[in-house]
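Visitor: Please see the structure below; I have some questions.
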Amino acid sequence: MSKASLQDQLLKAGLAKKSGKQPKQKKSAWGRVNRHDKDANTKPHAEIEAAKKAAAEKLEREREQARETSARQRGEELRRAQRAEIRQLILDHAERLASHGEPFYFIDQGRVLSLPVDGRLRRGLATRKLRLAIWEKRYYIVSASTAEKIAQRDPAFLLALPSGGEIRDPAYAEFTVPDDLIW
């Protein structure tokens with residue numbers, strides 16, 4: 001049996017390390033050991049490219065979401081501006097209703113409604129020189145030119161009046177039908 005030194009025996013058993021000078025790790029200014037990634041330069045090229053590609057895709061998705069959000073906000077601002085213009089047109093150019101005039105009947109969403117009008121307003125509505133506009137569940141009478149401006153912005157704020165009193169049956173051609181009863 002050969003006599004091996006205790007150190008050789010411990011090395012063979014894996015319980016000791018070879019006593020040689022090992023390079024010391026550099027300490028930072030605060031006395032801590034710097035533990036930089038020693039394998040940073042040895043990472044596979046494919047992993048680095050995949051990480052860059054994933055970051056670029058994420059950035060593009062975020063930009064696309066920002067563009068969509070911006071477009072949606074611009075659309076909302078445009079709709080708000082149009083509604084404000086329509087409100088201004090209706091309220092500024094509405095005709096005064098007669099307080100005790102004859103009722104003018106019209107249909108809105110399947111309901112028969114009426115507004116008190118005088119003779120001038122009734123003739124204007126019958127000849128389409130005046131139109132009915134709606135704003136916040138109230139009805140207003142506006143001129144045809146104002147109605148065109150409203151229709152350019154959003155025609156949903158105008159009520160469709162029935163077409164003029166054309167008589168389909170010649171037997172009844174000599175009888176007049178009141179303008180507000182033609183639906």
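In the structure tokens, chains take the letters A, B, ... in the order shown, each chain's residues start at 1, and ligands count up from 1 in the order shown.
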With a distance cut-off of 7 Å and only C-alpha atoms, select the neighbouring residues of Val142 of chain A, excluding the residue or stretch itself and same-chain residues fewer than 4 positions from it, and output the selection as number ranges by chain.

Guide: A: 90, 93-95, 130-133, 146-147

Visitor: Selection from above, N, CA and C atoms, as a PDB file, in the first residue's frame, can you write it?

Guide:
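Result written to selection-v3.pdb:
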ATOM      1  N   ILE A  90     -79.663  73.955 -33.759  1.00  0.00           N
ATOM      2  CA  ILE A  90     -81.070  73.779 -33.397  1.00  0.00           C
ATOM      3  C   ILE A  90     -81.533  74.875 -32.446  1.00  0.00           C
ATOM      4  N   HIS A  93     -81.485  78.529 -34.118  1.00  0.00           N
ATOM      5  CA  HIS A  93     -82.333  78.794 -35.281  1.00  0.00           C
ATOM      6  C   HIS A  93     -83.737  78.226 -35.152  1.00  0.00           C
ATOM      7  N   ALA A  94     -84.139  77.845 -33.961  1.00  0.00           N
ATOM      8  CA  ALA A  94     -85.479  77.289 -33.767  1.00  0.00           C
ATOM      9  C   ALA A  94     -86.524  78.395 -33.847  1.00  0.00           C
ATOM     10  N   GLU A  95     -87.647  78.062 -34.492  1.00  0.00           N
ATOM     11  CA  GLU A  95     -88.768  79.000 -34.572  1.00  0.00           C
ATOM     12  C   GLU A  95     -89.503  78.991 -33.236  1.00  0.00           C
ATOM     13  N   LEU A 130     -89.971  74.492 -43.616  1.00  0.00           N
ATOM     14  CA  LEU A 130     -89.598  74.296 -42.221  1.00  0.00           C
ATOM     15  C   LEU A 130     -89.534  72.793 -41.958  1.00  0.00           C
ATOM     16  N   ARG A 131     -88.689  72.409 -41.007  1.00  0.00           N
ATOM     17  CA  ARG A 131     -88.536  70.983 -40.677  1.00  0.00           C
ATOM     18  C   ARG A 131     -88.549  70.818 -39.168  1.00  0.00           C
ATOM     19  N   LEU A 132     -88.827  69.606 -38.741  1.00  0.00           N
ATOM     20  CA  LEU A 132     -88.807  69.281 -37.319  1.00  0.00           C
ATOM     21  C   LEU A 132     -87.457  68.685 -36.947  1.00  0.00           C
ATOM     22  N   ALA A 133     -86.881  69.209 -35.876  1.00  0.00           N
ATOM     23  CA  ALA A 133     -85.611  68.691 -35.362  1.00  0.00           C
ATOM     24  C   ALA A 133     -85.832  68.266 -33.909  1.00  0.00           C
ATOM     25  N   THR A 146     -81.254  75.387 -42.323  1.00  0.00           N
ATOM     26  CA  THR A 146     -80.670  74.884 -41.077  1.00  0.00           C
ATOM     27  C   THR A 146     -80.769  73.359 -41.037  1.00  0.00           C
ATOM     28  N   ALA A 147     -81.882  72.820 -41.518  1.00  0.00           N
ATOM     29  CA  ALA A 147     -82.067  71.364 -41.551  1.00  0.00           C
ATOM     30  C   ALA A 147     -81.030  70.714 -42.462  1.00  0.00           C
TER      31      ALA A 147
END

Visitor: Which residue out of A:His100, A:Gln82, A:Ser145, A:Trp135 has the minimum interatomic distance to Gly119 of chain A when only C-alpha atoms are used?

Guide: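 The answer is A:His100, which sits nearest to Gly119 of chain A.
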
Visitor: From the options A:Ala156, A:Ala71, A:Ile107, A:Leu125, which residue's atoms come nearest to Ile141 of chain A, counting only C-alpha atoms?

Guide: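 Of the candidates, the smallest distance to Ile141 of chain A is held by A:Leu125.
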
Visitor: Using only C-alpha atoms, which protein or nucleic acid residues come within 12 Å of Glu136 of chain A? Drop anything in the same chain fewer than 2 positions from it, and give the result as an NGL selection string.

Guide: :A and (83 or 86-87 or 90-91 or 133-134 or 138-140 or 157)

Visitor: Save the residues we just selected, N, CA and C atoms, as a PDB file, in the first residue's frame?

Guide:
ATOM      1  N   ARG A  83     -71.979  67.015 -32.365  1.00  0.00           N
ATOM      2  CA  ARG A  83     -73.167  67.157 -31.516  1.00  0.00           C
ATOM      3  C   ARG A  83     -73.285  68.594 -30.988  1.00  0.00           C
ATOM      4  N   ILE A  86     -74.593  70.702 -33.836  1.00  0.00           N
ATOM      5  CA  ILE A  86     -76.016  70.436 -34.062  1.00  0.00           C
ATOM      6  C   ILE A  86     -76.849  71.112 -32.979  1.00  0.00           C
ATOM      7  N   ARG A  87     -76.415  70.993 -31.744  1.00  0.00           N
ATOM      8  CA  ARG A  87     -77.130  71.642 -30.642  1.00  0.00           C
ATOM      9  C   ARG A  87     -77.205  73.152 -30.872  1.00  0.00           C
ATOM     10  N   ILE A  90     -79.663  73.955 -33.759  1.00  0.00           N
ATOM     11  CA  ILE A  90     -81.070  73.779 -33.397  1.00  0.00           C
ATOM     12  C   ILE A  90     -81.533  74.875 -32.446  1.00  0.00           C
ATOM     13  N   LEU A  91     -80.765  75.093 -31.398  1.00  0.00           N
ATOM     14  CA  LEU A  91     -81.216  76.047 -30.389  1.00  0.00           C
ATOM     15  C   LEU A  91     -81.161  77.495 -30.873  1.00  0.00           C
ATOM     16  N   ALA A 133     -86.881  69.209 -35.876  1.00  0.00           N
ATOM     17  CA  ALA A 133     -85.611  68.691 -35.362  1.00  0.00           C
ATOM     18  C   ALA A 133     -85.832  68.266 -33.909  1.00  0.00           C
ATOM     19  N   ILE A 134     -85.042  67.300 -33.477  1.00  0.00           N
ATOM     20  CA  ILE A 134     -85.172  66.821 -32.110  1.00  0.00           C
ATOM     21  C   ILE A 134     -83.830  66.985 -31.400  1.00  0.00           C
ATOM     22  N   ARG A 138     -86.805  66.869 -27.035  1.00  0.00           N
ATOM     23  CA  ARG A 138     -87.665  68.027 -27.287  1.00  0.00           C
ATOM     24  C   ARG A 138     -87.669  68.291 -28.779  1.00  0.00           C
ATOM     25  N   TYR A 139     -88.773  68.800 -29.273  1.00  0.00           N
ATOM     26  CA  TYR A 139     -88.949  69.011 -30.705  1.00  0.00           C
ATOM     27  C   TYR A 139     -88.898  70.502 -31.011  1.00  0.00           C
ATOM     28  N   TYR A 140     -88.199  70.819 -32.093  1.00  0.00           N
ATOM     29  CA  TYR A 140     -88.023  72.201 -32.513  1.00  0.00           C
ATOM     30  C   TYR A 140     -88.346  72.303 -33.996  1.00  0.00           C
ATOM     31  N   PHE A 157     -80.975  63.639 -36.201  1.00  0.00           N
ATOM     32  CA  PHE A 157     -81.573  64.695 -35.392  1.00  0.00           C
ATOM     33  C   PHE A 157     -82.745  65.369 -36.089  1.00  0.00           C
TER      34      PHE A 157
END

Visitor: Find, counting only C-alpha atoms, the residue in A:Arg120, A:Ala84, A:Ser70, A:Leu78 that gets nearest to Leu97 of chain A.

Guide: A:Arg120

Visitor: So that I can check the surroundings of Glu102 of chain A, please list as an MDAnalysis selection string every protein, DNA and RNA residue that reaches within 10 Å of it, counting only C-alpha atoms and ignoring chain neighbours fewer than 3 positions away.

Guide: chainID A and resid 98:99 105 114:119 122

Visitor: Write out as a short mmCIF file (atom, residue, chain, number, x, y, z; two decimals) with C-alpha atoms, in the first residue's frame all residues of segment 15-157 of chain A that DSSP puts in strand (DSSP E or B) for this structure's backbone.

Guide:
data_model
loop_
_atom_site.label_atom_id
_atom_site.label_comp_id
_atom_site.auth_asym_id
_atom_site.auth_seq_id
_atom_site.Cartn_x
_atom_site.Cartn_y
_atom_site.Cartn_z
CA LYS A 27 -14.03 44.38 -5.23
CA VAL A 33 -17.59 41.61 -4.88
CA GLU A 102 -103.62 74.55 -33.36
CA PRO A 103 -101.86 71.22 -32.90
CA PHE A 104 -99.61 69.94 -35.70
CA TYR A 105 -99.53 66.15 -35.57
CA PHE A 106 -96.46 64.10 -36.48
CA ILE A 107 -95.08 60.63 -35.81
CA ASP A 108 -91.85 59.83 -33.96
CA ARG A 111 -96.01 57.57 -31.43
CA VAL A 112 -98.32 60.31 -32.63
CA LEU A 113 -97.23 63.61 -31.12
CA SER A 114 -98.31 67.22 -31.58
CA LEU A 115 -96.87 70.71 -31.39
CA PRO A 116 -98.91 73.92 -31.15
CA VAL A 117 -98.36 75.93 -34.36
CA LEU A 130 -89.60 74.30 -42.22
CA ARG A 131 -88.54 70.98 -40.68
CA LEU A 132 -88.81 69.28 -37.32
CA ALA A 133 -85.61 68.69 -35.36
CA ILE A 134 -85.17 66.82 -32.11
CA TRP A 135 -82.70 67.60 -29.33
CA ARG A 138 -87.67 68.03 -27.29
CA TYR A 139 -88.95 69.01 -30.70
CA TYR A 140 -88.02 72.20 -32.51
CA ILE A 141 -89.06 73.73 -35.83
CA VAL A 142 -86.10 74.91 -37.92
CA SER A 143 -85.73 76.33 -41.43
#

Visitor: For atom CA of Gly75 of chain A and atom CA of Gln152 of chain A, quote the distance in Å rounded to one decimal.

Guide: 16.6 Å
